[in-house]
Amino acid sequence: MALSWLLTLFLSPFVLLASAKSSTGSRVLAVLDPKIQPDYSIFFNQLQENGYDVTFRGPSDEKPELNVDDLIFDHVVLFTAAKSSVRDLSPQNLVQVTKKGVNLLLVVPSKQTPLSSLAAEFNIVLPPPSTPLLSYFPERGDPASVIPIPAPTDSDIIAKGLNPIWYKGLGFHLGSNPMLFPILNAPKESFAADSTDAEALVQAAEKGGEGLWAGSSLAVVAGFQTRNNARVAWSGSLELFSDEYMRKEISGGYGINSGNTQVARDIVAWAFQENNVLRIEKVVHNVVNASSSEAPELYTTNSQAVFTADITKFNPDKNTWEPFREISDLQLEFTMLDPHIRTALKPVASSPGQYSVQFRVPDRHGVFKFIIDWKRKGWTYLHSSTTVPVVPPRHDGYPRFLSAAWPYYTGAISTSIGFLLFSALWLAGESQKKTKSQKVE
């Protein structure tokens, strides 16, 4: 019995890993040359063990088709350097399927292909053809084009504490598109060059613009998230996902393998929307201390309103959505054309995954919106918009007396009192005159 319990405890992490799911579906189309498919068996076996239904197809095959009007795949893995592509794998069609919510994992080839023009659409600037990334540090027995890249320590996508990652391919520059961000950067000692000859490198360094293709400003793996939250992962290396590099030991020996296996898994987990996937379950708004829990049809100027949002995160191991309370910079905007109020939505301590704020409605009537627009690189975009009218108080809704109007009240009262006193004195003076005239007669 104890042995059975220990075996269950030992195998439970692997069972959970095998049951990991994507939040958008499990159907994967893998496009690569059948001749090199065995070289990536670990990667694709890992996909299948994690619950994905992988369909393989050659670069020149037309079936199964990636049809925009009848999508039968949720994700696409494109491991091909073919110079010409079939119609459904053209850059135009790949852009269209992302608009339908299909996620892509793409490898940028070292030579000019249709994917090179697709990269430009995503604001990725590629180096000249046949210009691999090189590095002579640290000292090792491998060629300069085979680079050990240290794993990032502050990434929301790649696991922490990994061994160095073997890399052979391109380094590319990322444009200013806010939807584009680096997942893995090149080492700071690396540079892109078409030759390993020392004299040629010196001559290249004397040319202008070399800073664009050197150092950690280059990315080797990048992510792009579209407005509809479809994800596209770009890699400059096909070998990054190969069995050879996953089994390759890190420099120095000791029988320690590289971090390629886990990095490949992390890239897929992000691109296929397993990790960092959030959604707004519901939003609730009401007047403070309202007698009814239902949202009011309208708000009155200067009234106190309360807004609450419930946010969940997808758990791929359990295939469930769980409350998420780790957002520290969520904001609510109350807008009419421009934001009239922008305030922080803070987590509710007693309700996990719930964010709430109370505020005073502006002293301006019109059609307003409660808006949440949270966009962070690597995370699902959160957007919510709720329209409500704001009206002035009804004729019987104003206070009977306004404290700000006391000067006017005082002026009106004093004027009335003065008029009464004047009238009384004037009338009293007339009566005294009549009495004196009668006595004289």
# chains A, B, ... in the order shown; residues from 1 in each chain; ligands from 1
>>> select_by_dssp(residues="range 78-316 of chain A", states="strand (DSSP E)", output="PyMOL selection string")
chain A and resi 78-79+103-107+124-125+133-134+147-149+165-167+173-174+180-185+191-192+219-225+231-235+278-287+299-300+304-315
>>> residues_around(residues="Val263 in chain A", least_positions_apart="5", cutoff="10 Å", atoms="only C-alpha atoms", output="PDB file with all heavy atoms, in the first residue's frame")
ATOM      1  N   ALA A 151      19.555  30.974 -20.133  1.00  0.00           N
ATOM      2  CA  ALA A 151      18.110  31.092 -19.982  1.00  0.00           C
ATOM      3  C   ALA A 151      17.765  32.388 -19.256  1.00  0.00           C
ATOM      4  O   ALA A 151      18.480  32.800 -18.338  1.00  0.00           O
ATOM      5  CB  ALA A 151      17.559  29.895 -19.223  1.00  0.00           C
ATOM      6  N   ILE A 157       7.328  33.617 -19.509  1.00  0.00           N
ATOM      7  CA  ILE A 157       7.028  32.543 -20.449  1.00  0.00           C
ATOM      8  C   ILE A 157       7.956  31.344 -20.263  1.00  0.00           C
ATOM      9  O   ILE A 157       7.505  30.204 -20.219  1.00  0.00           O
ATOM     10  CB  ILE A 157       7.116  33.065 -21.901  1.00  0.00           C
ATOM     11  CG1 ILE A 157       6.068  34.166 -22.122  1.00  0.00           C
ATOM     12  CG2 ILE A 157       6.943  31.943 -22.909  1.00  0.00           C
ATOM     13  CD1 ILE A 157       6.162  34.849 -23.460  1.00  0.00           C
ATOM     14  N   ILE A 158       9.252  31.611 -20.140  1.00  0.00           N
ATOM     15  CA  ILE A 158      10.228  30.539 -20.008  1.00  0.00           C
ATOM     16  C   ILE A 158      10.499  30.274 -18.527  1.00  0.00           C
ATOM     17  O   ILE A 158      10.666  31.207 -17.741  1.00  0.00           O
ATOM     18  CB  ILE A 158      11.532  30.902 -20.742  1.00  0.00           C
ATOM     19  CG1 ILE A 158      11.253  31.032 -22.245  1.00  0.00           C
ATOM     20  CG2 ILE A 158      12.617  29.870 -20.499  1.00  0.00           C
ATOM     21  CD1 ILE A 158      12.445  31.436 -23.067  1.00  0.00           C
ATOM     22  N   ALA A 159      10.537  28.994 -18.182  1.00  0.00           N
ATOM     23  CA  ALA A 159      10.751  28.602 -16.782  1.00  0.00           C
ATOM     24  C   ALA A 159      12.108  29.087 -16.286  1.00  0.00           C
ATOM     25  O   ALA A 159      13.071  29.206 -17.051  1.00  0.00           O
ATOM     26  CB  ALA A 159      10.645  27.087 -16.653  1.00  0.00           C
ATOM     27  N   LEU A 162      16.787  27.226 -15.795  1.00  0.00           N
ATOM     28  CA  LEU A 162      17.109  26.245 -16.826  1.00  0.00           C
ATOM     29  C   LEU A 162      18.591  26.281 -17.176  1.00  0.00           C
ATOM     30  O   LEU A 162      19.281  27.295 -16.975  1.00  0.00           O
ATOM     31  CB  LEU A 162      16.289  26.510 -18.091  1.00  0.00           C
ATOM     32  CG  LEU A 162      14.770  26.356 -17.983  1.00  0.00           C
ATOM     33  CD1 LEU A 162      14.134  26.588 -19.341  1.00  0.00           C
ATOM     34  CD2 LEU A 162      14.391  24.997 -17.445  1.00  0.00           C
ATOM     35  N   ASN A 163      19.062  25.177 -17.733  1.00  0.00           N
ATOM     36  CA  ASN A 163      20.422  25.125 -18.268  1.00  0.00           C
ATOM     37  C   ASN A 163      20.497  25.944 -19.547  1.00  0.00           C
ATOM     38  O   ASN A 163      19.455  26.265 -20.158  1.00  0.00           O
ATOM     39  CB  ASN A 163      20.818  23.677 -18.544  1.00  0.00           C
ATOM     40  CG  ASN A 163      20.894  22.854 -17.266  1.00  0.00           C
ATOM     41  OD1 ASN A 163      21.246  23.375 -16.213  1.00  0.00           O
ATOM     42  ND2 ASN A 163      20.551  21.575 -17.356  1.00  0.00           N
ATOM     43  N   PRO A 164      21.692  26.301 -19.990  1.00  0.00           N
ATOM     44  CA  PRO A 164      21.820  27.051 -21.247  1.00  0.00           C
ATOM     45  C   PRO A 164      21.147  26.336 -22.414  1.00  0.00           C
ATOM     46  O   PRO A 164      21.002  25.111 -22.427  1.00  0.00           O
ATOM     47  CB  PRO A 164      23.332  27.152 -21.445  1.00  0.00           C
ATOM     48  CG  PRO A 164      23.887  27.086 -20.066  1.00  0.00           C
ATOM     49  CD  PRO A 164      22.994  26.144 -19.318  1.00  0.00           C
ATOM     50  N   ILE A 165      20.740  27.122 -23.403  1.00  0.00           N
ATOM     51  CA  ILE A 165      19.977  26.625 -24.553  1.00  0.00           C
ATOM     52  C   ILE A 165      20.878  26.672 -25.779  1.00  0.00           C
ATOM     53  O   ILE A 165      21.436  27.724 -26.110  1.00  0.00           O
ATOM     54  CB  ILE A 165      18.726  27.508 -24.765  1.00  0.00           C
ATOM     55  CG1 ILE A 165      17.877  27.530 -23.491  1.00  0.00           C
ATOM     56  CG2 ILE A 165      17.923  27.038 -25.966  1.00  0.00           C
ATOM     57  CD1 ILE A 165      17.328  28.867 -23.146  1.00  0.00           C
ATOM     58  N   LEU A 184      13.180  35.229 -26.175  1.00  0.00           N
ATOM     59  CA  LEU A 184      14.556  34.849 -25.877  1.00  0.00           C
ATOM     60  C   LEU A 184      15.476  35.750 -26.679  1.00  0.00           C
ATOM     61  O   LEU A 184      15.343  35.853 -27.904  1.00  0.00           O
ATOM     62  CB  LEU A 184      14.787  33.377 -26.239  1.00  0.00           C
ATOM     63  CG  LEU A 184      16.131  32.764 -25.848  1.00  0.00           C
ATOM     64  CD1 LEU A 184      16.281  32.756 -24.332  1.00  0.00           C
ATOM     65  CD2 LEU A 184      16.251  31.344 -26.397  1.00  0.00           C
ATOM     66  N   LEU A 240      16.786  24.478 -32.734  1.00  0.00           N
ATOM     67  CA  LEU A 240      16.379  24.671 -31.346  1.00  0.00           C
ATOM     68  C   LEU A 240      15.421  23.578 -30.894  1.00  0.00           C
ATOM     69  O   LEU A 240      15.429  23.165 -29.722  1.00  0.00           O
ATOM     70  CB  LEU A 240      15.717  26.050 -31.199  1.00  0.00           C
ATOM     71  CG  LEU A 240      15.074  26.397 -29.855  1.00  0.00           C
ATOM     72  CD1 LEU A 240      16.136  26.537 -28.778  1.00  0.00           C
ATOM     73  CD2 LEU A 240      14.256  27.679 -29.970  1.00  0.00           C
ATOM     74  N   PHE A 241      14.607  23.060 -31.814  1.00  0.00           N
ATOM     75  CA  PHE A 241      13.592  22.057 -31.492  1.00  0.00           C
ATOM     76  C   PHE A 241      14.041  20.636 -31.843  1.00  0.00           C
ATOM     77  O   PHE A 241      13.249  19.705 -31.746  1.00  0.00           O
ATOM     78  CB  PHE A 241      12.299  22.375 -32.246  1.00  0.00           C
ATOM     79  CG  PHE A 241      11.782  23.761 -32.002  1.00  0.00           C
ATOM     80  CD1 PHE A 241      12.116  24.816 -32.853  1.00  0.00           C
ATOM     81  CD2 PHE A 241      10.963  24.032 -30.920  1.00  0.00           C
ATOM     82  CE1 PHE A 241      11.636  26.099 -32.631  1.00  0.00           C
ATOM     83  CE2 PHE A 241      10.482  25.307 -30.688  1.00  0.00           C
ATOM     84  CZ  PHE A 241      10.820  26.346 -31.540  1.00  0.00           C
ATOM     85  N   MET A 246      18.367  18.912 -28.080  1.00  0.00           N
ATOM     86  CA  MET A 246      17.732  18.595 -26.805  1.00  0.00           C
ATOM     87  C   MET A 246      18.563  17.595 -26.005  1.00  0.00           C
ATOM     88  O   MET A 246      18.534  17.603 -24.774  1.00  0.00           O
ATOM     89  CB  MET A 246      16.329  18.035 -27.050  1.00  0.00           C
ATOM     90  CG  MET A 246      15.322  19.071 -27.529  1.00  0.00           C
ATOM     91  SD  MET A 246      13.673  18.389 -27.698  1.00  0.00           S
ATOM     92  CE  MET A 246      12.762  19.834 -28.262  1.00  0.00           C
ATOM     93  N   SER A 258      21.092  20.150 -22.174  1.00  0.00           N
ATOM     94  CA  SER A 258      20.726  21.554 -22.354  1.00  0.00           C
ATOM     95  C   SER A 258      19.300  21.805 -21.889  1.00  0.00           C
ATOM     96  O   SER A 258      18.551  20.882 -21.562  1.00  0.00           O
ATOM     97  CB  SER A 258      20.869  21.927 -23.828  1.00  0.00           C
ATOM     98  OG  SER A 258      19.897  21.221 -24.598  1.00  0.00           O
ATOM     99  N   VAL A 268       5.875  26.464 -26.902  1.00  0.00           N
ATOM    100  CA  VAL A 268       4.610  25.891 -27.365  1.00  0.00           C
ATOM    101  C   VAL A 268       3.483  26.228 -26.395  1.00  0.00           C
ATOM    102  O   VAL A 268       2.369  26.578 -26.814  1.00  0.00           O
ATOM    103  CB  VAL A 268       4.746  24.364 -27.536  1.00  0.00           C
ATOM    104  CG1 VAL A 268       3.380  23.714 -27.716  1.00  0.00           C
ATOM    105  CG2 VAL A 268       5.627  24.051 -28.736  1.00  0.00           C
ATOM    106  N   ALA A 269       3.749  26.138 -25.092  1.00  0.00           N
ATOM    107  CA  ALA A 269       2.713  26.419 -24.100  1.00  0.00           C
ATOM    108  C   ALA A 269       2.206  27.846 -24.222  1.00  0.00           C
ATOM    109  O   ALA A 269       1.007  28.106 -24.028  1.00  0.00           O
ATOM    110  CB  ALA A 269       3.255  26.160 -22.698  1.00  0.00           C
TER     111      ALA A 269
END
>>> select_by_dssp(residues="range 143-384 of chain A", states="alpha helix (DSSP H)", output="PyMOL selection string")
chain A and resi 198-205+243-247+260-271
>>> residues_around(residues="Asn93 in chain A", least_positions_apart="6", cutoff="9 Å", atoms="only C-alpha atoms", output="NGL selection string")
:A and (66-68 or 87)
>>> write_last_selection(atoms="N, CA and C atoms", output="CSV table (one decimal), in the first residue's frame")
chain,number,residue,atom,x,y,z
A,66,LEU,N,-5.6,24.1,-45.0
A,66,LEU,CA,-5.8,25.2,-44.0
A,66,LEU,C,-6.7,26.2,-44.6
A,67,ASN,N,-8.0,25.9,-44.5
A,67,ASN,CA,-9.0,26.7,-45.2
A,67,ASN,C,-9.6,27.7,-44.2
A,68,VAL,N,-9.5,29.0,-44.5
A,68,VAL,CA,-10.0,30.1,-43.6
A,68,VAL,C,-11.5,29.9,-43.4
A,87,ARG,N,-1.0,27.5,-51.8
A,87,ARG,CA,-1.9,28.6,-51.6
A,87,ARG,C,-2.3,28.8,-50.1
>>> closest_atom_pairs(of="range 297-344 of chain A", to="range 40-51 of chain A", cutoff="12 Å", atoms="only C-alpha atoms", output="JSON lines")
{"residue": "A:Pro316", "atom": "CA", "partner": "A:Asn50", "partner_atom": "CA", "distance": 9.7}
{"residue": "A:Asp317", "atom": "CA", "partner": "A:Asn50", "partner_atom": "CA", "distance": 9.4}
{"residue": "A:Asn319", "atom": "CA", "partner": "A:Gly51", "partner_atom": "CA", "distance": 11.1}
>>> atom_distance(atom1="CA of Asn177 in chain A", atom2="CA of Ile124 in chain A")
9.1 Å
>>> residues_around(residues="Ala290 in chain A", least_positions_apart="4", cutoff="12 Å", atoms="only C-alpha atoms", output="ChimeraX atom specification")
/A:285-286,294-296,299,303-306
>>> residues_around(residues="Leu78 in chain A", least_positions_apart="3", cutoff="7 Å", atoms="only C-alpha atoms", output="list in words")
Ala30, Val31, Leu32, Leu105, Leu106 and Val107 of chain A
>>> atom_distance(atom1="CA of Gly175 in chain A", atom2="CA of Arg279 in chain A")
27.9 Å
>>> atom_distance(atom1="CA of Glu139 in chain A", atom2="CA of Gln262 in chain A")
24.4 Å
>>> residues_around(residues="range 217-230 of chain A", least_positions_apart="4", cutoff="9 Å", atoms="only C-alpha atoms", output="VMD selection string")
chain A and resid 98 to 104 122 124 167 169 to 174 178 to 188 190 to 191 211 to 213 234 to 237 267 270 to 273 377 to 381
>>> write_last_selection(atoms="N, CA and C atoms", output="compact mmCIF listing (two decimals), in the first residue's frame")
# COMPACT_ATOMS: atom_id res chain seq x y z
N THR A 98 -4.89 33.77 -38.61
CA THR A 98 -4.69 34.35 -37.27
C THR A 98 -5.87 35.24 -36.89
N LYS A 99 -6.48 35.88 -37.88
CA LYS A 99 -7.66 36.69 -37.59
C LYS A 99 -8.83 35.83 -37.14
N LYS A 100 -8.78 34.54 -37.48
CA LYS A 100 -9.81 33.59 -37.05
C LYS A 100 -9.46 32.93 -35.73
N GLY A 101 -8.30 33.29 -35.16
CA GLY A 101 -7.93 32.76 -33.86
C GLY A 101 -6.96 31.60 -33.88
N VAL A 102 -6.40 31.25 -35.05
CA VAL A 102 -5.43 30.16 -35.14
C VAL A 102 -4.07 30.65 -34.66
N ASN A 103 -3.40 29.85 -33.86
CA ASN A 103 -2.07 30.18 -33.34
C ASN A 103 -0.99 29.57 -34.23
N LEU A 104 0.15 30.26 -34.37
CA LEU A 104 1.21 29.83 -35.27
C LEU A 104 2.53 29.71 -34.53
N PHE A 122 4.93 41.37 -39.59
CA PHE A 122 4.88 41.37 -38.14
C PHE A 122 5.93 42.30 -37.53
N ILE A 124 9.14 42.35 -37.98
CA ILE A 124 10.40 41.68 -37.67
C ILE A 124 11.38 41.98 -38.79
N TYR A 167 21.72 26.95 -29.59
CA TYR A 167 21.05 27.69 -30.66
C TYR A 167 21.94 27.77 -31.88
N GLY A 169 21.21 29.57 -35.71
CA GLY A 169 20.27 30.18 -36.63
C GLY A 169 20.46 31.67 -36.73
N LEU A 170 19.36 32.38 -36.92
CA LEU A 170 19.39 33.82 -37.15
C LEU A 170 19.08 34.59 -35.87
N GLY A 171 19.61 35.79 -35.81
CA GLY A 171 19.16 36.77 -34.85
C GLY A 171 18.46 37.87 -35.61
N PHE A 172 17.35 38.37 -35.12
CA PHE A 172 16.59 39.38 -35.85
C PHE A 172 16.24 40.54 -34.94
N HIS A 173 15.99 41.66 -35.57
CA HIS A 173 15.66 42.89 -34.84
C HIS A 173 14.15 43.04 -34.78
N LEU A 174 13.65 43.50 -33.64
CA LEU A 174 12.21 43.71 -33.45
C LEU A 174 11.87 45.17 -33.64
N PRO A 178 3.84 47.45 -30.69
CA PRO A 178 3.64 47.11 -29.27
C PRO A 178 3.15 45.69 -29.04
N MET A 179 2.68 45.02 -30.08
CA MET A 179 2.21 43.65 -29.92
C MET A 179 3.35 42.64 -30.05
N LEU A 180 4.54 43.11 -30.40
CA LEU A 180 5.71 42.25 -30.62
C LEU A 180 6.67 42.38 -29.45
N PHE A 181 7.22 41.27 -29.00
CA PHE A 181 8.13 41.30 -27.86
C PHE A 181 9.08 40.11 -27.93
N PRO A 182 10.27 40.22 -27.32
CA PRO A 182 11.21 39.10 -27.34
C PRO A 182 10.87 38.05 -26.28
N ILE A 183 10.97 36.80 -26.64
CA ILE A 183 10.85 35.70 -25.68
C ILE A 183 12.23 35.26 -25.23
N LEU A 184 13.18 35.23 -26.18
CA LEU A 184 14.56 34.85 -25.88
C LEU A 184 15.48 35.75 -26.68
N ASN A 185 16.39 36.42 -25.99
CA ASN A 185 17.33 37.34 -26.65
C ASN A 185 18.66 36.66 -26.93
N ALA A 186 19.37 37.22 -27.90
CA ALA A 186 20.71 36.73 -28.21
C ALA A 186 21.67 37.14 -27.11
N PRO A 187 22.77 36.40 -26.92
CA PRO A 187 23.77 36.81 -25.92
C PRO A 187 24.39 38.15 -26.30
N LYS A 188 24.86 38.89 -25.32
CA LYS A 188 25.40 40.21 -25.58
C LYS A 188 26.72 40.15 -26.35
N SER A 190 27.21 38.13 -28.91
CA SER A 190 26.94 37.58 -30.24
C SER A 190 26.79 38.68 -31.28
N PHE A 191 26.90 38.29 -32.54
CA PHE A 191 26.73 39.23 -33.65
C PHE A 191 26.35 38.40 -34.88
N GLY A 211 25.72 47.95 -35.48
CA GLY A 211 25.12 47.81 -34.16
C GLY A 211 23.74 47.19 -34.19
N LEU A 212 23.07 47.27 -35.35
CA LEU A 212 21.75 46.68 -35.47
C LEU A 212 21.80 45.17 -35.38
N TRP A 213 22.92 44.57 -35.75
CA TRP A 213 23.01 43.11 -35.82
C TRP A 213 24.02 42.58 -34.81
N TRP A 234 7.79 33.27 -33.24
CA TRP A 234 8.82 33.25 -34.29
C TRP A 234 10.13 32.76 -33.69
N SER A 235 10.76 31.81 -34.37
CA SER A 235 12.07 31.33 -33.96
C SER A 235 13.03 31.46 -35.13
N GLY A 236 14.26 31.89 -34.83
CA GLY A 236 15.27 31.99 -35.88
C GLY A 236 16.05 30.71 -36.08
N SER A 237 15.67 29.65 -35.36
CA SER A 237 16.42 28.39 -35.44
C SER A 237 15.47 27.21 -35.46
N ILE A 267 7.77 27.49 -25.11
CA ILE A 267 7.37 28.27 -26.29
C ILE A 267 6.04 27.78 -26.82
N TRP A 270 3.10 28.78 -24.55
CA TRP A 270 2.64 30.16 -24.74
C TRP A 270 1.93 30.31 -26.08
N ALA A 271 2.56 29.83 -27.16
CA ALA A 271 2.00 30.03 -28.49
C ALA A 271 0.64 29.37 -28.64
N PHE A 272 0.44 28.21 -28.02
CA PHE A 272 -0.82 27.48 -28.16
C PHE A 272 -1.81 27.81 -27.05
N GLN A 273 -1.54 28.88 -26.32
CA GLN A 273 -2.46 29.43 -25.31
C GLN A 273 -2.77 28.44 -24.20
N LYS A 377 2.54 42.58 -22.43
CA LYS A 377 3.22 41.68 -23.36
C LYS A 377 3.33 40.27 -22.76
N GLY A 378 2.91 39.31 -23.55
CA GLY A 378 2.97 37.92 -23.13
C GLY A 378 1.72 37.42 -22.45
N TRP A 379 0.77 38.31 -22.16
CA TRP A 379 -0.47 37.93 -21.48
C TRP A 379 -1.66 38.23 -22.39
N THR A 380 -2.73 37.50 -22.15
CA THR A 380 -3.97 37.75 -22.88
C THR A 380 -4.45 39.18 -22.63
N TYR A 381 -4.87 39.85 -23.69
CA TYR A 381 -5.44 41.19 -23.53
C TYR A 381 -6.82 41.07 -22.88
>>> closest_residue(among="A:Val390, A:Leu298, A:Leu382, A:Leu337", to="Lys282 in chain A", atoms="only C-alpha atoms")
A:Leu382
>>> residues_around(residues="range 55-58 of chain A", least_positions_apart="2", cutoff="10 Å", atoms="only C-alpha atoms", output="PyMOL selection string")
chain A and resi 27-35+37+44+52-53+60-65+73+76-80
>>> write_last_selection(atoms="N, CA, C and O atoms", output="tab-separated table (two decimals), in the first residue's frame")
chain	number	residue	atom	x	y	z
A	27	ARG	N	-6.09	20.66	-31.91
A	27	ARG	CA	-5.80	20.19	-33.27
A	27	ARG	C	-4.62	20.97	-33.84
A	27	ARG	O	-4.67	22.19	-33.95
A	28	VAL	N	-3.56	20.25	-34.20
A	28	VAL	CA	-2.32	20.87	-34.66
A	28	VAL	C	-1.99	20.37	-36.06
A	28	VAL	O	-2.03	19.16	-36.32
A	29	LEU	N	-1.66	21.30	-36.95
A	29	LEU	CA	-1.14	20.97	-38.27
A	29	LEU	C	0.35	21.24	-38.27
A	29	LEU	O	0.79	22.38	-38.06
A	30	ALA	N	1.16	20.19	-38.48
A	30	ALA	CA	2.61	20.32	-38.52
A	30	ALA	C	3.08	20.18	-39.96
A	30	ALA	O	2.87	19.13	-40.59
A	31	VAL	N	3.69	21.23	-40.48
A	31	VAL	CA	4.17	21.24	-41.87
A	31	VAL	C	5.69	21.17	-41.86
A	31	VAL	O	6.36	22.09	-41.39
A	32	LEU	N	6.23	20.06	-42.34
A	32	LEU	CA	7.68	19.88	-42.44
A	32	LEU	C	7.97	18.74	-43.40
A	32	LEU	O	7.10	17.92	-43.71
A	33	ASP	N	9.20	18.72	-43.88
A	33	ASP	CA	9.63	17.67	-44.81
A	33	ASP	C	9.60	16.33	-44.09
A	33	ASP	O	10.18	16.18	-43.00
A	34	PRO	N	8.93	15.31	-44.66
A	34	PRO	CA	8.89	13.99	-44.00
A	34	PRO	C	10.28	13.41	-43.75
A	34	PRO	O	10.45	12.59	-42.83
A	35	LYS	N	11.28	13.82	-44.54
A	35	LYS	CA	12.62	13.26	-44.38
A	35	LYS	C	13.27	13.71	-43.07
A	35	LYS	O	14.09	12.99	-42.50
A	37	GLN	N	11.45	14.67	-40.34
A	37	GLN	CA	10.52	14.49	-39.23
A	37	GLN	C	11.12	13.67	-38.09
A	37	GLN	O	10.93	14.02	-36.91
A	44	PHE	N	7.71	16.52	-31.21
A	44	PHE	CA	6.34	16.16	-31.60
A	44	PHE	C	5.76	15.10	-30.67
A	44	PHE	O	4.54	15.10	-30.43
A	52	TYR	N	-2.23	16.86	-27.60
A	52	TYR	CA	-2.47	17.47	-28.90
A	52	TYR	C	-2.64	16.39	-29.98
A	52	TYR	O	-1.94	15.38	-29.97
A	53	ASP	N	-3.55	16.65	-30.87
A	53	ASP	CA	-3.78	15.78	-32.03
A	53	ASP	C	-3.01	16.36	-33.21
A	53	ASP	O	-3.46	17.32	-33.84
A	60	SER	N	4.90	20.74	-49.75
A	60	SER	CA	4.28	20.87	-51.07
A	60	SER	C	2.92	20.19	-51.15
A	60	SER	O	2.26	20.24	-52.19
A	61	ASP	N	2.48	19.55	-50.08
A	61	ASP	CA	1.18	18.88	-50.09
A	61	ASP	C	0.06	19.92	-49.98
A	61	ASP	O	0.24	20.98	-49.38
A	62	GLU	N	-1.08	19.58	-50.53
A	62	GLU	CA	-2.24	20.48	-50.47
A	62	GLU	C	-3.30	20.00	-49.51
A	62	GLU	O	-4.28	20.71	-49.26
A	63	LYS	N	-3.17	18.81	-49.02
A	63	LYS	CA	-4.13	18.24	-48.09
A	63	LYS	C	-3.38	17.73	-46.86
A	63	LYS	O	-2.27	17.21	-47.00
A	64	PRO	N	-3.98	17.87	-45.67
A	64	PRO	CA	-5.22	18.59	-45.36
A	64	PRO	C	-5.05	20.09	-45.49
A	64	PRO	O	-3.98	20.63	-45.21
A	65	GLU	N	-6.08	20.75	-45.93
A	65	GLU	CA	-6.00	22.16	-46.28
A	65	GLU	C	-6.28	23.04	-45.06
A	65	GLU	O	-7.13	22.74	-44.22
A	73	PHE	N	-8.13	23.15	-37.88
A	73	PHE	CA	-6.96	23.15	-37.01
A	73	PHE	C	-6.99	24.39	-36.12
A	73	PHE	O	-7.46	25.45	-36.53
A	76	VAL	N	-0.86	25.84	-35.87
A	76	VAL	CA	-0.04	25.45	-37.02
A	76	VAL	C	1.43	25.55	-36.63
A	76	VAL	O	1.86	26.58	-36.08
A	77	VAL	N	2.18	24.48	-36.89
A	77	VAL	CA	3.63	24.47	-36.71
A	77	VAL	C	4.25	24.41	-38.10
A	77	VAL	O	4.03	23.45	-38.85
A	78	LEU	N	5.02	25.43	-38.46
A	78	LEU	CA	5.58	25.54	-39.80
A	78	LEU	C	7.10	25.42	-39.71
A	78	LEU	O	7.80	26.38	-39.45
A	79	PHE	N	7.59	24.18	-39.93
A	79	PHE	CA	9.02	23.89	-39.89
A	79	PHE	C	9.51	23.62	-41.31
A	79	PHE	O	9.94	22.52	-41.64
A	80	THR	N	9.42	24.60	-42.17
A	80	THR	CA	9.82	24.40	-43.56
A	80	THR	C	10.54	25.64	-44.07
A	80	THR	O	10.24	26.76	-43.67
